[in-house]
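K.L.:
File target_18.txt follows (compact mmCIF, C-alpha atoms and all ligand atoms):
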```
# COMPACT_ATOMS: atom_id res chain seq x y z
CA MET A 1 2.45 57.34 0.62
CA GLU A 2 4.21 60.06 2.60
CA ILE A 3 6.75 62.14 0.71
CA VAL A 4 10.35 62.32 1.96
CA LEU A 5 12.93 64.85 0.85
CA SER A 6 16.43 65.73 1.94
CA GLY A 7 19.75 66.93 0.59
CA ILE A 8 23.38 67.64 1.35
CA ARG A 9 25.53 70.52 0.11
CA SER A 10 28.22 69.76 -2.46
CA THR A 11 31.15 70.95 -0.39
CA GLY A 12 33.87 68.34 0.13
CA HIS A 13 33.32 64.73 1.16
CA LEU A 14 30.66 63.18 3.40
CA HIS A 15 31.65 62.58 7.02
CA LEU A 16 30.18 60.52 9.86
CA GLY A 17 27.94 63.47 10.83
CA ASN A 18 26.33 63.52 7.39
CA TYR A 19 26.07 59.74 7.39
CA TYR A 20 24.58 59.15 10.84
CA GLY A 21 22.67 62.43 11.01
CA ALA A 22 21.09 62.15 7.58
CA LEU A 23 22.16 59.65 4.93
CA ARG A 24 21.61 56.48 6.94
CA ASN A 25 18.01 57.55 7.46
CA TYR A 26 17.59 58.25 3.74
CA ILE A 27 18.69 54.70 2.99
CA LYS A 28 16.31 53.16 5.53
CA MET A 29 13.38 55.27 4.33
CA GLN A 30 13.66 54.29 0.67
CA ASP A 31 11.43 51.21 0.97
CA ASN A 32 8.49 52.79 2.72
CA TYR A 33 8.18 56.33 1.40
CA ASP A 34 8.09 58.29 -1.83
CA CYS A 35 11.67 59.58 -1.65
CA PHE A 36 13.50 62.55 -3.20
CA PHE A 37 17.19 63.03 -2.38
CA PHE A 38 19.29 65.74 -3.93
CA ILE A 39 22.63 67.50 -3.98
CA ALA A 40 22.30 71.10 -2.79
CA ASP A 41 24.69 72.73 -5.25
CA LEU A 42 22.93 76.12 -5.14
CA HIS A 43 23.36 76.24 -1.39
CA SER A 44 27.07 75.56 -1.75
CA LEU A 45 27.45 78.79 -3.78
CA THR A 46 27.24 80.88 -0.60
CA THR A 47 30.93 80.12 -0.03
CA HIS A 48 31.94 80.89 -3.66
CA PRO A 49 33.57 77.64 -4.84
CA HIS A 50 35.80 77.99 -7.92
CA PRO A 51 33.92 77.10 -11.14
CA ASP A 52 36.65 74.57 -12.03
CA ASP A 53 35.90 72.59 -8.86
CA PHE A 54 32.15 72.99 -8.81
CA HIS A 55 31.11 69.98 -10.89
CA SER A 56 33.51 67.57 -9.20
CA GLY A 57 31.99 68.61 -5.85
CA VAL A 58 28.54 67.59 -7.07
CA ARG A 59 29.84 64.36 -8.55
CA THR A 60 31.61 63.47 -5.30
CA ILE A 61 28.41 63.66 -3.24
CA LEU A 62 26.49 61.76 -5.91
CA ALA A 63 29.06 58.93 -5.91
CA GLU A 64 29.12 58.86 -2.10
CA TYR A 65 25.29 58.76 -1.94
CA LEU A 66 25.19 55.78 -4.27
CA ALA A 67 28.11 53.97 -2.62
CA SER A 68 26.32 54.33 0.74
CA GLY A 69 23.20 52.62 -0.60
CA LEU A 70 20.90 55.21 -2.14
CA ASP A 71 19.08 53.25 -4.82
CA PRO A 72 17.98 54.97 -8.05
CA ASP A 73 15.30 52.29 -8.50
CA LYS A 74 13.68 53.42 -5.26
CA SER A 75 14.50 57.13 -4.87
CA ALA A 76 14.60 60.13 -7.16
CA ILE A 77 18.23 61.30 -6.97
CA PHE A 78 18.90 64.69 -8.54
CA VAL A 79 20.91 67.90 -8.48
CA GLN A 80 19.20 71.04 -7.15
CA SER A 81 20.24 73.31 -10.05
CA ASP A 82 18.69 70.90 -12.60
CA VAL A 83 15.25 71.71 -11.19
CA PRO A 84 14.68 75.41 -11.98
CA GLU A 85 11.21 75.33 -10.38
CA ILE A 86 13.00 75.37 -7.00
CA SER A 87 14.54 78.74 -7.79
CA GLU A 88 11.21 80.20 -8.84
CA LEU A 89 9.55 79.03 -5.64
CA TYR A 90 12.50 80.50 -3.72
CA VAL A 91 11.79 83.94 -5.25
CA LEU A 92 8.12 83.69 -4.33
CA LEU A 93 8.84 82.54 -0.78
CA ASN A 94 11.34 85.37 -0.35
CA MET A 95 8.40 87.78 -0.65
CA ILE A 96 6.85 86.40 2.54
CA SER A 97 10.11 85.97 4.48
CA TYR A 98 11.20 88.81 6.74
CA LYS A 99 14.66 90.19 7.35
CA GLY A 100 14.26 90.11 11.14
CA GLU A 101 13.39 86.44 11.34
CA LEU A 102 16.18 85.49 8.91
CA GLU A 103 18.74 87.50 10.88
CA ARG A 104 17.76 85.62 14.03
CA THR A 105 18.62 82.21 12.51
CA THR A 106 21.44 80.60 14.49
CA SER A 107 23.27 79.32 11.39
CA PHE A 108 23.26 82.85 9.90
CA LYS A 109 24.64 84.37 13.09
CA ASP A 110 27.37 81.68 13.19
CA LYS A 111 28.35 82.33 9.56
CA VAL A 112 28.50 86.10 10.14
CA ARG A 113 30.82 85.50 13.07
CA GLN A 114 33.02 83.05 11.13
CA ASN A 115 33.17 85.00 7.83
CA PRO A 116 32.39 88.67 8.42
CA ASP A 117 33.69 89.54 4.92
CA ASN A 118 31.19 87.36 3.09
CA VAL A 119 27.75 88.14 4.50
CA ASN A 120 25.90 87.76 1.20
CA ALA A 121 22.12 87.81 0.67
CA GLY A 122 22.21 84.10 -0.24
CA LEU A 123 23.47 83.37 3.24
CA LEU A 124 20.67 85.39 4.80
CA THR A 125 18.00 83.68 2.70
CA TYR A 126 19.58 80.23 2.94
CA PRO A 127 16.59 78.91 4.97
CA VAL A 128 14.18 80.23 2.32
CA LEU A 129 15.93 78.24 -0.42
CA MET A 130 15.89 75.23 1.86
CA ALA A 131 12.15 75.67 2.41
CA ALA A 132 11.70 75.88 -1.38
CA ASP A 133 13.58 72.55 -1.76
CA ILE A 134 11.19 70.92 0.67
CA LEU A 135 7.92 72.58 -0.27
CA ILE A 136 8.35 72.16 -4.03
CA HIS A 137 7.73 68.42 -3.50
CA ARG A 138 5.16 69.00 -0.76
CA ALA A 139 7.33 66.78 1.45
CA ASN A 140 5.98 65.48 4.76
CA LEU A 141 9.20 64.19 6.30
CA VAL A 142 12.72 65.58 6.11
CA PRO A 143 15.52 63.39 7.54
CA VAL A 144 18.18 65.76 8.90
CA GLY A 145 20.62 66.13 11.78
CA LYS A 146 20.03 68.25 14.85
CA ASP A 147 21.74 71.33 13.34
CA GLN A 148 18.94 71.68 10.76
CA GLU A 149 16.10 71.72 13.26
CA GLN A 150 15.65 75.49 13.18
CA HIS A 151 15.63 75.54 9.36
CA LEU A 152 12.89 72.93 9.39
CA GLU A 153 10.87 75.00 11.82
CA PHE A 154 11.18 77.91 9.40
CA ALA A 155 10.00 75.73 6.49
CA ARG A 156 6.93 74.91 8.56
CA VAL A 157 6.33 78.60 9.26
CA LEU A 158 6.58 79.41 5.54
CA ALA A 159 4.23 76.57 4.58
CA ARG A 160 1.62 77.85 7.05
CA ARG A 161 2.20 81.47 6.09
CA PHE A 162 1.87 80.82 2.35
CA ASN A 163 -1.35 78.85 2.83
CA SER A 164 -2.90 81.55 4.97
CA PHE A 165 -1.55 84.51 2.95
CA TYR A 166 -2.99 83.14 -0.28
CA ASN A 167 -5.95 81.40 1.32
CA CYS A 168 -5.07 77.97 -0.06
CA GLU A 169 -3.93 74.52 1.07
CA VAL A 170 -0.97 74.03 -1.27
CA PHE A 171 1.66 73.02 1.29
CA PRO A 172 1.65 70.42 4.07
CA GLU A 173 3.84 71.23 7.08
CA PRO A 174 7.09 69.26 6.79
CA LYS A 175 8.58 67.56 9.86
CA ALA A 176 12.24 66.89 10.67
CA PHE A 177 12.73 63.13 10.92
CA ASN A 178 15.04 60.62 12.57
CA PHE A 179 14.42 56.92 13.21
CA GLY A 180 15.38 57.34 16.86
CA ASP A 181 13.44 59.68 19.15
CA ASP A 182 15.67 62.73 18.75
CA LEU A 183 17.59 64.26 15.89
CA VAL A 184 21.25 63.25 15.97
CA LYS A 185 24.29 65.43 16.62
CA VAL A 186 27.51 63.58 15.84
CA PRO A 187 30.36 65.18 17.82
CA GLY A 188 33.85 65.90 16.47
CA LEU A 189 37.02 64.22 17.72
CA ASP A 190 38.55 67.48 18.88
CA GLY A 191 36.87 67.69 22.26
CA SER A 192 33.93 69.99 21.64
CA GLY A 193 31.11 70.78 19.24
CA LYS A 194 29.80 68.85 16.24
CA MET A 195 31.62 67.09 13.46
CA GLY A 196 31.62 69.37 10.43
CA LYS A 197 33.27 69.92 7.06
CA SER A 198 34.52 73.37 7.97
CA GLU A 199 35.56 72.38 11.50
CA GLY A 200 38.38 70.12 10.20
CA ASN A 201 37.44 67.45 12.74
CA GLY A 202 35.75 64.93 10.48
CA VAL A 203 36.10 61.23 9.80
CA TYR A 204 35.11 60.81 6.16
CA LEU A 205 33.40 57.91 4.39
CA CYS A 206 36.27 57.96 1.89
CA ASP A 207 39.06 57.87 4.52
CA GLU A 208 41.61 55.03 4.42
CA GLU A 209 41.69 52.61 7.34
CA SER A 210 45.04 53.98 8.53
CA THR A 211 43.72 57.57 8.39
CA ILE A 212 40.69 56.66 10.47
CA ARG A 213 42.87 54.93 13.08
CA LYS A 214 45.20 57.91 13.23
CA LYS A 215 42.34 60.42 13.61
CA VAL A 216 40.64 58.41 16.32
CA MET A 217 43.84 57.70 18.27
CA LYS A 218 44.54 61.46 18.30
CA ALA A 219 41.09 62.32 19.71
CA VAL A 220 41.12 64.59 22.74
CA THR A 221 40.65 62.90 26.17
CA ASP A 222 41.88 63.68 29.71
CA ALA A 223 43.98 61.96 32.37
CA GLY A 224 41.10 59.64 33.29
CA PRO A 225 38.70 59.51 36.24
CA THR A 226 40.15 59.27 39.75
CA GLU A 227 36.83 58.94 41.64
CA PRO A 228 34.22 56.26 40.87
CA ASN A 229 31.20 57.47 38.88
CA SER A 230 32.75 60.87 38.08
CA PRO A 231 30.92 63.12 35.62
CA MET A 232 32.43 62.91 32.12
CA PRO A 233 34.22 65.89 30.60
CA GLU A 234 32.81 66.86 27.18
CA ALA A 235 35.66 65.35 25.15
CA VAL A 236 35.23 61.94 26.78
CA ALA A 237 31.44 62.10 26.61
CA ASN A 238 31.83 62.77 22.87
CA LEU A 239 33.86 59.59 22.42
CA PHE A 240 31.11 57.68 24.20
CA THR A 241 28.50 59.30 21.95
CA LEU A 242 30.44 58.14 18.90
CA LEU A 243 30.83 54.68 20.39
CA GLY A 244 27.06 54.62 21.00
CA ILE A 245 26.51 55.38 17.32
CA VAL A 246 28.90 52.86 15.73
CA SER A 247 29.38 50.07 18.30
CA THR A 248 27.20 47.45 19.99
CA GLN A 249 25.47 48.12 23.31
CA ASP A 250 27.74 45.51 24.97
CA THR A 251 30.80 47.45 23.91
CA VAL A 252 29.39 50.72 25.21
CA ASP A 253 28.39 49.09 28.53
CA HIS A 254 31.84 47.54 28.93
CA PHE A 255 33.65 50.88 28.57
CA LYS A 256 31.07 52.75 30.69
CA GLU A 257 31.64 50.29 33.49
CA SER A 258 35.41 50.64 33.26
CA TYR A 259 35.01 54.45 33.26
CA ASN A 260 32.81 54.30 36.33
CA ASN A 261 35.22 52.06 38.25
CA CYS A 262 38.24 54.09 37.09
CA THR A 263 39.97 51.24 35.20
CA ILE A 264 39.33 52.69 31.74
CA ARG A 265 42.19 52.82 29.25
CA TYR A 266 41.32 55.39 26.62
CA GLY A 267 43.73 53.72 24.18
CA ASP A 268 41.58 50.56 24.24
CA LEU A 269 38.39 52.54 23.80
CA LYS A 270 39.84 54.40 20.83
CA LYS A 271 41.10 51.19 19.20
CA GLN A 272 37.63 49.68 19.48
CA LEU A 273 36.01 52.87 18.20
CA ALA A 274 38.32 53.03 15.18
CA GLU A 275 37.64 49.37 14.40
CA ASP A 276 33.87 49.84 14.58
CA ILE A 277 33.98 52.99 12.43
CA CYS A 278 36.04 51.11 9.84
CA LYS A 279 33.53 48.25 9.82
CA GLN A 280 30.85 50.71 8.75
CA THR A 281 32.76 52.97 6.38
CA LEU A 282 35.28 50.76 4.55
CA PRO A 283 32.66 48.81 2.56
CA ILE A 284 31.30 52.20 1.40
CA LYS A 285 34.76 53.53 0.61
CA ALA A 286 35.46 50.45 -1.54
CA LYS A 287 32.64 51.45 -3.91
CA ILE A 288 33.09 55.22 -4.16
CA GLU A 289 35.87 55.46 -6.72
CA GLN A 290 34.41 53.03 -9.21
CA ILE A 291 31.01 54.78 -9.07
CA TYR A 292 32.66 58.23 -9.32
CA ASN A 293 34.37 57.16 -12.56
CA ASP A 294 31.30 55.57 -14.15
CA GLU A 295 30.04 58.61 -16.03
CA GLU A 296 27.35 56.73 -17.96
CA PHE A 297 25.85 55.28 -14.80
CA LEU A 298 25.84 58.67 -13.05
CA LYS A 299 24.14 60.27 -16.04
CA ARG A 300 21.42 57.59 -16.08
CA VAL A 301 20.79 57.98 -12.35
CA VAL A 302 20.48 61.76 -12.53
CA LYS A 303 18.38 61.71 -15.70
CA ARG A 304 15.78 59.43 -14.09
CA GLY A 305 15.84 61.29 -10.81
CA THR A 306 15.51 64.70 -12.44
CA GLU A 307 12.55 63.58 -14.54
CA ARG A 308 10.68 62.49 -11.41
CA ALA A 309 11.71 65.57 -9.46
CA ARG A 310 10.67 67.97 -12.20
CA GLU A 311 7.34 66.27 -12.69
CA SER A 312 6.58 66.78 -9.01
CA ALA A 313 8.02 70.31 -8.96
CA VAL A 314 6.09 71.49 -12.03
CA ALA A 315 2.83 70.21 -10.54
CA THR A 316 3.42 72.10 -7.28
CA LEU A 317 4.52 75.28 -9.00
CA ARG A 318 1.37 75.28 -11.08
CA GLU A 319 -0.69 75.34 -7.86
CA VAL A 320 1.58 77.98 -6.37
CA ARG A 321 1.32 80.29 -9.38
CA LYS A 322 -2.43 79.94 -9.37
CA ALA A 323 -2.58 80.81 -5.66
CA VAL A 324 -0.32 83.85 -6.08
CA GLY A 325 -2.46 85.11 -8.97
CA PHE A 326 -0.27 84.61 -12.04
CA ARG A 327 -2.23 84.32 -15.29
CA SER A 328 0.34 84.29 -18.07
CA PHE A 329 -0.58 86.07 -21.33
CA LEU A 330 1.47 83.36 -23.01
CA GLY A 331 -0.63 80.55 -21.59
CA PHE A 332 2.05 79.20 -19.24
CA ASP A 333 -0.48 78.78 -16.46
CA ASP A 334 -3.28 77.26 -18.55
CA LYS A 335 -2.50 73.53 -18.35
P1 LIG B 401 24.76 70.00 5.24
O1 LIG B 401 25.30 69.78 3.89
O2 LIG B 401 25.47 70.91 6.17
O3 LIG B 401 24.58 68.64 6.01
C1 LIG B 401 23.86 67.58 5.41
C2 LIG B 401 23.15 66.76 6.46
O4 LIG B 401 24.07 66.22 7.40
C3 LIG B 401 23.64 66.55 8.71
N1 LIG B 401 24.82 66.76 9.57
C4 LIG B 401 24.93 66.25 10.81
N2 LIG B 401 24.10 65.48 11.53
C5 LIG B 401 24.52 65.11 12.77
N3 LIG B 401 25.72 65.47 13.29
C6 LIG B 401 26.59 66.23 12.60
N4 LIG B 401 27.77 66.55 13.10
C7 LIG B 401 26.21 66.68 11.29
N5 LIG B 401 26.80 67.44 10.33
C8 LIG B 401 25.92 67.48 9.29
C9 LIG B 401 22.82 67.81 8.56
O5 LIG B 401 21.93 67.95 9.65
C10 LIG B 401 22.13 67.56 7.26
O6 LIG B 401 20.96 66.80 7.44
N6 LIG B 401 20.95 72.99 4.59
C11 LIG B 401 21.33 71.61 4.47
C12 LIG B 401 21.20 71.05 3.08
C13 LIG B 401 19.84 71.23 2.52
C14 LIG B 401 18.66 70.53 2.89
C15 LIG B 401 17.63 71.08 2.09
C16 LIG B 401 18.42 69.53 3.82
C17 LIG B 401 19.50 72.13 1.55
N7 LIG B 401 18.17 72.02 1.30
C18 LIG B 401 16.32 70.60 2.21
C19 LIG B 401 17.09 69.08 3.94
C20 LIG B 401 16.06 69.60 3.12
C21 LIG B 401 22.79 71.55 4.88
O7 LIG B 401 23.49 72.50 4.86
O8 LIG B 401 23.21 70.38 5.15
```
What is this structure when it is put down as structure tokens?
Ligand code: TYM

P.N.:
Amino acid sequence: MEIVLSGIRSTGHLHLGNYYGALRNYIKMQDNYDCFFFIADLHSLTTHPHPDDFHSGVRTILAEYLASGLDPDKSAIFVQSDVPEISELYVLLNMISYKGELERTTSFKDKVRQNPDNVNAGLLTYPVLMAADILIHRANLVPVGKDQEQHLEFARVLARRFNSFYNCEVFPEPKAFNFGDDLVKVPGLDGSGKMGKSEGNGVYLCDEESTIRKKVMKAVTDAGPTEPNSPMPEAVANLFTLLGIVSTQDTVDHFKESYNNCTIRYGDLKKQLAEDICKQTLPIKAKIEQIYNDEEFLKRVVKRGTERARESAVATLREVRKAVGFRSFLGFDDK
């Protein structure tokens, strides 16, 4: 059975980008693959969260995973920092990762531009840690959104490079995965770019119905088309992209037609969009709080998931250490 792995950073709540770009695929993949899904708490340290808030951030994503339909009977669900083998593989992969290629990563360049005062080494080697997450389970498929495509390409490069450097076949090359043809980019409601936690343009799985309606009704549009079949400005095209993600084809066709014959009323489109978002997210929202507060359940889920994840990670690391040439005097590499 092919191995699937993916994860989300523990920064804030999950939004529609996380859900439609990643989580919805995780849920669909659970029945047909050997699945590992985790919370990337080490990755979230690049932005220096306060220690008092750190654990609740992890617990939030865990509760939102489970409320969305991740099933601990089907998938190994765990927290990155509970699997120390990941960090060891990260160190080893750092030795075959080069400054130049890391500096060229788009996400690194964006972060440097956004936060010039916090260009830490963890930020630079972020894709190496991500490759360690994937390669430690020898994953074949990695469900992610479009923004992670370059990181996945780097994980493939490292898998190939490790195998050839150490003349072994330890790692398969992981592939980015989406059920549709292309990876998804969910746009924000503010007229340009993608929906993101730090962009402040998100609709969250935990949002109240009234909040969702308010956010959608405030979305950026324009005065409307004056010529039939006009090209769409980005803000309007983004609303149609969102509609395409959450609504039926009939609904999308109806509003496309009214755009093309210049009778569209953006207020109606937004009302429909808000309603269809609510249909998807409110059943999830209804479960989040109860799961968040059920400490015993969360512990059981993570205990099971971590056991499976560590078993797989230890087995890979044993092969890796052998390939690199470790022979511990203390017998660590003997088994
Ligand atoms: P993160 O936490 O930024 O995002 C988690 C997942 O959500 C997807 N996503 C989106 N997809 C479509 N449209 C959007 N607007 C949108 N915003 C977010 C992301 O593509 C991602 O799949 N580096 C990763 C976490 C990670 C990871 C890994 C993922 C760490 N190790 C190993 C896969 C495998 C990240 O920062 O995701």

K.L.:
Grab the atom C17 of ligand LIG 401 (chain B) to CA of Gly100 (chain A) distance for me, in Å with one decimal place.

P.N.:
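Answer for the atom C17 of ligand LIG 401 (chain B) to CA of Gly100 (chain A) separation: 21.0 Å.
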
K.L.:
Using only C-alpha atoms and all ligand atoms, which residues of the polymer chains come no farther than 9 Å from ligand LIG 401 (chain B)? I'd like the answer as a PyMOL selection string.

P.N.:
chain A and resi 5-11+14-23+37-44+80+126-127+129-135+142-149+151-152+176+183-188+193-197+202

K.L.:
Set the distance at 9 Å and use all atoms listed in the file: which residues neighbour Ser247 (chain A) once local chain neighbours fewer than 3 positions away are removed? I'd like the list as a ChimeraX atom specification.

P.N.:
/A:242-244,250-252,272-273,276-277

K.L.:
Please list as a list in words every residue within 10 Å of region 95-99 of chain A, counting only C-alpha atoms and excluding residues in the same chain fewer than 2 positions away.

P.N.:
Tyr90, Val91, Leu92, Leu93, Glu101, Leu102, Glu103, Arg104, Leu124, Thr125, Pro127, Val128, Phe154, Val157, Leu158, Arg161, Phe162 and Phe165 of chain A

K.L.:
What lies within 12 Å of Ile288 (chain A) using all atoms listed in the file, ignoring chain neighbours under 5 positions off, as a list in words?

P.N.:
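Contacts, in chain order: His13, Leu14, Arg59, Thr60, Ile61, Leu62, Ala63, Glu64, Tyr65, Leu66, Ala67, Ser68, Gly69, Tyr204, Leu205, Cys206, Asp207, Thr281, Leu282, Pro283, Asn293, Asp294 and Leu298 of chain A.
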
K.L.:
By how many Å are CA of Val246 (chain A) and CA of Pro72 (chain A) apart?

P.N.:
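We find that CA of Val246 (chain A) and CA of Pro72 (chain A) lie 26.3 Å from each other.
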
K.L.:
For region 206-234 of chain A against region 257-265 of chain A, with a cut-off of 9 Å and counting all atoms listed in the file, what is the closest atom pair and its distance in Å to one decimal for every residue that makes the cut, ordered by chain and number, as CSV?

P.N.:
```
residue,atom,partner,partner_atom,distance
A:Gly224,CA,A:Cys262,CA,7.3
A:Pro225,CA,A:Cys262,CA,5.5
A:Thr226,CA,A:Cys262,CA,6.1
A:Glu227,CA,A:Cys262,CA,6.8
A:Pro228,CA,A:Asn261,CA,5.1
A:Asn229,CA,A:Asn260,CA,4.4
A:Ser230,CA,A:Asn260,CA,6.8
A:Met232,CA,A:Tyr259,CA,8.9
```

K.L.:
Find the distance between CA of Asp117 (chain A) and CA of His50 (chain A) and write it in Å to one decimal.

P.N.:
17.4 Å

K.L.:
Can you tell me, as number ranges by chain, which residues sit within 9 Å of (5.9, 61.5, -1.7) in the file's frame, using only C-alpha atoms?

P.N.:
A: 1-5, 33-36, 137-140

K.L.:
A:Tyr292, A:Lys215, A:Ala323, A:Tyr26: which is nearest Ser56 (chain A), counting only C-alpha atoms?

P.N.:
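Comparing A:Tyr292, A:Lys215, A:Ala323, A:Tyr26 against Ser56 (chain A), the winner is A:Tyr292.
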
K.L.:
Please tell me which residues are no farther than 8 Å from (14.4, 67.6, -12.3) in the file, counting all atoms listed in the file, and write them as number ranges by chain.

P.N.:
A: 78-80, 82-84, 303, 305-311, 313

K.L.:
Got time to write the residues from that selection, C-alpha atoms, as a CSV table (one decimal), in the frame of the given file?

P.N.:
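Once written, out-v3.csv looks like this:
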```
chain,number,residue,atom,x,y,z
A,78,PHE,CA,18.9,64.7,-8.5
A,79,VAL,CA,20.9,67.9,-8.5
A,80,GLN,CA,19.2,71.0,-7.2
A,82,ASP,CA,18.7,70.9,-12.6
A,83,VAL,CA,15.2,71.7,-11.2
A,84,PRO,CA,14.7,75.4,-12.0
A,303,LYS,CA,18.4,61.7,-15.7
A,305,GLY,CA,15.8,61.3,-10.8
A,306,THR,CA,15.5,64.7,-12.4
A,307,GLU,CA,12.6,63.6,-14.5
A,308,ARG,CA,10.7,62.5,-11.4
A,309,ALA,CA,11.7,65.6,-9.5
A,310,ARG,CA,10.7,68.0,-12.2
A,311,GLU,CA,7.3,66.3,-12.7
A,313,ALA,CA,8.0,70.3,-9.0
```

K.L.:
Choose the residue, out of A:Asn167, A:Lys285, A:Asp182, A:Arg304, that has the smallest atom-to-atom separation from Asp73 (chain A); count all atoms listed in the file.

P.N.:
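Among A:Asn167, A:Lys285, A:Asp182, A:Arg304, it is A:Arg304 that comes nearest to Asp73 (chain A).
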
K.L.:
Quick one: contact table of region 97-196 of chain A to region 317-320 of chain A, 10 Å max, nearest atom pair and distance in Å to one decimal per residue, counting all atoms listed in the file, chain and number order, as JSON lines?

P.N.:
```
{"residue": "A:Leu135", "atom": "CA", "partner": "A:Leu317", "partner_atom": "CA", "distance": 9.8}
{"residue": "A:Ile136", "atom": "CA", "partner": "A:Leu317", "partner_atom": "CA", "distance": 7.0}
{"residue": "A:His137", "atom": "CA", "partner": "A:Leu317", "partner_atom": "CA", "distance": 9.4}
{"residue": "A:Phe162", "atom": "CA", "partner": "A:Val320", "partner_atom": "CA", "distance": 9.2}
{"residue": "A:Asn163", "atom": "CA", "partner": "A:Val320", "partner_atom": "CA", "distance": 9.7}
{"residue": "A:Tyr166", "atom": "CA", "partner": "A:Val320", "partner_atom": "CA", "distance": 9.2}
{"residue": "A:Cys168", "atom": "CA", "partner": "A:Val320", "partner_atom": "CA", "distance": 9.2}
{"residue": "A:Glu169", "atom": "CA", "partner": "A:Glu319", "partner_atom": "CA", "distance": 9.5}
{"residue": "A:Val170", "atom": "CA", "partner": "A:Glu319", "partner_atom": "CA", "distance": 6.7}
{"residue": "A:Phe171", "atom": "CA", "partner": "A:Val320", "partner_atom": "CA", "distance": 9.1}
```

K.L.:
Fewer than 4 positions away in the same chain doesn't count, so skip those; otherwise give me all residues within 12 Å of region 113-115 of chain A, counting only C-alpha atoms, as a list of chain:residue names.

P.N.:
A:Thr46, A:Thr47, A:Thr106, A:Ser107, A:Phe108, A:Lys109, A:Val119, A:Asn120, A:Leu123, A:Ser198, A:Glu199

K.L.:
Given all atoms listed in the file as the basis, pick out the residue of A:Leu141, A:Ala159, A:Val302, A:Val314 nearest to Glu85 (chain A).

P.N.:
A:Val314

K.L.:
Return as JSON the centre and edge lengths, in Å with one decimal, of the box along x, y and z that encloses every atom of region 28-44 of chain A in the file, padded by 5 Å per side.

P.N.:
```
{"center_x": 17.6, "center_y": 63.7, "center_z": 0.1, "size_x": 29.0, "size_y": 35.0, "size_z": 20.8}
```

K.L.:
Using only C-alpha atoms, find the one residue out of A:Lys279, A:Gly12, A:Asn94, A:Asn201 that sits nearest to Val58 (chain A).

P.N.:
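Of the candidates, the smallest distance to Val58 (chain A) is held by A:Gly12.
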
K.L.:
Can you sort out region 240-252 of chain A so it carries N, CA and C atoms, written as a PDB file, in the frame of the given file?

P.N.:
```pdb
ATOM      1  N   PHE A 240      32.164  58.636  23.867  1.00  0.00           N
ATOM      2  CA  PHE A 240      31.110  57.680  24.200  1.00  0.00           C
ATOM      3  C   PHE A 240      29.897  57.850  23.274  1.00  0.00           C
ATOM      4  N   THR A 241      29.604  59.093  22.899  1.00  0.00           N
ATOM      5  CA  THR A 241      28.500  59.300  21.950  1.00  0.00           C
ATOM      6  C   THR A 241      28.811  58.608  20.626  1.00  0.00           C
ATOM      7  N   LEU A 242      30.046  58.787  20.150  1.00  0.00           N
ATOM      8  CA  LEU A 242      30.440  58.140  18.900  1.00  0.00           C
ATOM      9  C   LEU A 242      30.372  56.619  19.024  1.00  0.00           C
ATOM     10  N   LEU A 243      30.863  56.125  20.149  1.00  0.00           N
ATOM     11  CA  LEU A 243      30.830  54.680  20.390  1.00  0.00           C
ATOM     12  C   LEU A 243      29.371  54.194  20.362  1.00  0.00           C
ATOM     13  N   GLY A 244      28.482  54.982  20.978  1.00  0.00           N
ATOM     14  CA  GLY A 244      27.060  54.620  21.000  1.00  0.00           C
ATOM     15  C   GLY A 244      26.467  54.554  19.595  1.00  0.00           C
ATOM     16  N   ILE A 245      27.034  55.345  18.684  1.00  0.00           N
ATOM     17  CA  ILE A 245      26.510  55.380  17.320  1.00  0.00           C
ATOM     18  C   ILE A 245      27.023  54.205  16.487  1.00  0.00           C
ATOM     19  N   VAL A 246      28.321  53.875  16.645  1.00  0.00           N
ATOM     20  CA  VAL A 246      28.900  52.860  15.730  1.00  0.00           C
ATOM     21  C   VAL A 246      29.072  51.474  16.341  1.00  0.00           C
ATOM     22  N   SER A 247      29.043  51.362  17.685  1.00  0.00           N
ATOM     23  CA  SER A 247      29.380  50.070  18.300  1.00  0.00           C
ATOM     24  C   SER A 247      28.138  49.402  18.891  1.00  0.00           C
ATOM     25  N   THR A 248      28.327  48.172  19.389  1.00  0.00           N
ATOM     26  CA  THR A 248      27.200  47.450  19.990  1.00  0.00           C
ATOM     27  C   THR A 248      26.966  47.968  21.418  1.00  0.00           C
ATOM     28  N   GLN A 249      25.789  47.697  21.945  1.00  0.00           N
ATOM     29  CA  GLN A 249      25.470  48.120  23.310  1.00  0.00           C
ATOM     30  C   GLN A 249      26.432  47.482  24.314  1.00  0.00           C
ATOM     31  N   ASP A 250      26.798  46.205  24.070  1.00  0.00           N
ATOM     32  CA  ASP A 250      27.740  45.510  24.970  1.00  0.00           C
ATOM     33  C   ASP A 250      29.056  46.255  25.070  1.00  0.00           C
ATOM     34  N   THR A 251      29.534  46.713  23.928  1.00  0.00           N
ATOM     35  CA  THR A 251      30.800  47.450  23.910  1.00  0.00           C
ATOM     36  C   THR A 251      30.682  48.735  24.719  1.00  0.00           C
ATOM     37  N   VAL A 252      29.597  49.463  24.487  1.00  0.00           N
ATOM     38  CA  VAL A 252      29.390  50.720  25.210  1.00  0.00           C
ATOM     39  C   VAL A 252      29.321  50.443  26.712  1.00  0.00           C
TER      40      VAL A 252
END
```
